[in-house]
Amino acid sequence: MEYLDFELPIKELEDQLDKCQIIGIESNVDVTETCKQIEKKLEETKRKIYKNLTAWQRVQLSRHPNRPYTLEHITTITNGVFLELFGDRNFKDDKAMIGGLGKIDGQSFMLIGQQKGINIKMRQYRNFGMANPEGYRKALRLMKMAEKFNIPVVTFIDTPGAYPGMEAEERGQGEAIARNIFEMSRLRVPIICVIVGEGASGGALGIGVGDRVLMMENTWYSVISPESCSSILWKSWEYKEQAAEALKLTSSDMKKHKLVDDIIPEPLGGAHYDKDTTFKTVKQYIMKAFNELKDLSTEELVAQRMDKYSKMGEYKE
């Protein structure tokens with residue numbers, strides 16, 4: 001297990017507990033009471049730390065290397081009943097954006113999301129979850145296919161942003177994301193969006209327009225990352241913690257401002273501490289959202305979606 005800087009008190013207690021158990025085994029000394037005291041203190045420390053997380057600490061948890069990524073979510077909640085589809089039929093297949101058909105509790109879904117990779121080699125292969133224009137065009141192709149066959153869409157958002165390279169801009173990165181936002185706003189099937197990690201900038205919005213937008217507890221959703229915001233306002237990354245607070249990017253902030261519909265609770269310590277419970281909870285929330293949408297007519301579905309986004313923000317006419 002890898003620990004973040006604010007989790008070091010937990011690491012110390014867990015190390016103490018391990019040593020206590022080893023001493024008991026090797027010396028035949030009864031250390032049961034001592035171990036119980038350490039376990040009690042460990043539980044209290046965990047609750048104290050995770051109950052009072054700052055915005056920046058939640059950003060750190062969303063990037064935890066052990067946190068489950070999109071493909072792991074998909075293969076688990078579909079019990080492996082997932083057929084990945086490839087290519088945008090225009091340029092090439094973008095490995096940072098995955099998608100395909102899968103079944104959850106017998107119901108077919110088109111499942112689409114950004115994939116970061118689980119080690120350095122895989123992260124390079126997946127471009128660290130930063131999609132190129134062909135990734136967004138692949139996503140749109142799969143959404144239109146789902147619409148054709150009346151299959152609901154589920155998207156999993158986890159990206160530090162769309163790829164900002166020159167070649168991406170040359171191939172129309174901005175247009176591809178804008179096209180997706182436009183087409184998703186009027187897609188004639190239910191769309192459920194789940195933020196499972198980082199939800200940064202237009203890279204997230206490119207697959208983030210839905211009838212229900214669900215946000216896991218320790219994730220973030222913002223127009224800009226705290227580091228980039230800090231570098232723009234203070235000309236340094238040192239103020240990223242203040243930027244994270246000011247951006248109001250946490251799940252509770254998003255729910256308060258009615259930018260997301262629901263928060264998916266995570267196990268104590270984050271999604272990576274108990275992946276089985278995490279996947280079960282995500283699946284429950286997806287099915288709950290689908291059951292709320294499945295009986296709506298196409299006209300009602302699109303009208304409610306358009307009305308939902310029209311009410312966001314403050315403006316005057």
# chains A, B, ... in the order shown; residues from 1 in each chain; ligands from 1

$ closest_atom_pairs --of "region 178-267 of chain A" --to "region 312-316 of chain A" --cutoff "10 Å" --atoms "only C-alpha atoms" --output "tab-separated table"
residue	atom	partner	partner_atom	distance
A:His257	CA	A:Gly313	CA	8.4
A:Lys258	CA	A:Met312	CA	7.4
A:Leu259	CA	A:Met312	CA	7.0

$ residues_around --residues "region 76-93 of chain A" --least-positions-apart "2" --cutoff "6 Å" --atoms "only C-alpha atoms" --output "PyMOL selection string"
chain A and resi 73-74+99-104+134+137-138

$ closest_residue --among "A:Met216, A:Cys229, A:Met306, A:Ala168" --to "Pro265 (chain A)" --atoms "only C-alpha atoms"
A:Met216

$ residues_around --residues "Pro9 (chain A)" --least-positions-apart "4" --cutoff "10 Å" --atoms "only C-alpha atoms" --output "VMD selection string"
chain A and resid 3 5 13 to 15 42 45 to 46 49

$ closest_residue --among "A:Val260, A:Val189, A:Ala303, A:Met215" --to "Phe290 (chain A)" --atoms "only C-alpha atoms"
A:Val189

$ select_by_dssp --residues "region 66-121 of chain A" --states "helix (DSSP H, G or I)" --output "NGL selection string"
:A and (70-77 or 120-121)

$ residues_around --residues "region 120-129 of chain A" --least-positions-apart "3" --cutoff "12 Å" --atoms "only C-alpha atoms" --output "number ranges by chain"
A: 63, 65, 69-71, 93-98, 113-117, 132, 135, 156-165, 197-200, 203-204

$ closest_residue --among "A:Leu187, A:Ala246, A:Ala178, A:Ile263" --to "Met143 (chain A)" --atoms "only C-alpha atoms"
A:Leu187

$ closest_residue --among "A:Glu317, A:Glu241, A:Glu33, A:Asp211" --to "Asp262 (chain A)" --atoms "only C-alpha atoms"
A:Asp211

$ residues_around --residues "Pro190 (chain A)" --least-positions-apart "6" --cutoff "7 Å" --atoms "only C-alpha atoms" --output "PyMOL selection string"
chain A and resi 152-153+211+293

$ closest_residue --among "A:Leu249, A:Leu61, A:Met287, A:Met166" --to "Ile192 (chain A)" --atoms "only C-alpha atoms"
A:Met287

$ closest_residue --among "A:Arg305, A:Lys240, A:Arg212, A:Lys19" --to "Ile224 (chain A)" --atoms "only C-alpha atoms"
A:Lys240

$ select_by_dssp --residues "region 93-147 of chain A" --states "strand (DSSP E or B)" --output "MDAnalysis selection string"
chainID A and resid 97:104 107:114

$ write_last_selection --atoms "C-alpha atoms" --output "tab-separated table (two decimals), in the first residue's frame"
chain	number	residue	atom	x	y	z
A	97	MET	CA	-10.45	6.52	-24.47
A	98	ILE	CA	-12.03	3.08	-24.17
A	99	GLY	CA	-15.55	1.99	-24.97
A	100	GLY	CA	-17.74	-0.92	-25.84
A	101	LEU	CA	-20.85	-2.93	-25.08
A	102	GLY	CA	-21.41	-4.54	-21.71
A	103	LYS	CA	-24.17	-5.93	-19.53
A	104	ILE	CA	-24.99	-4.93	-15.96
A	107	GLN	CA	-29.22	-4.79	-19.08
A	108	SER	CA	-27.07	-3.76	-22.06
A	109	PHE	CA	-25.10	-0.51	-21.83
A	110	MET	CA	-22.62	1.34	-24.00
A	111	LEU	CA	-19.73	1.90	-21.57
A	112	ILE	CA	-17.21	4.65	-22.37
A	113	GLY	CA	-14.41	6.22	-20.34
A	114	GLN	CA	-10.86	7.50	-20.02
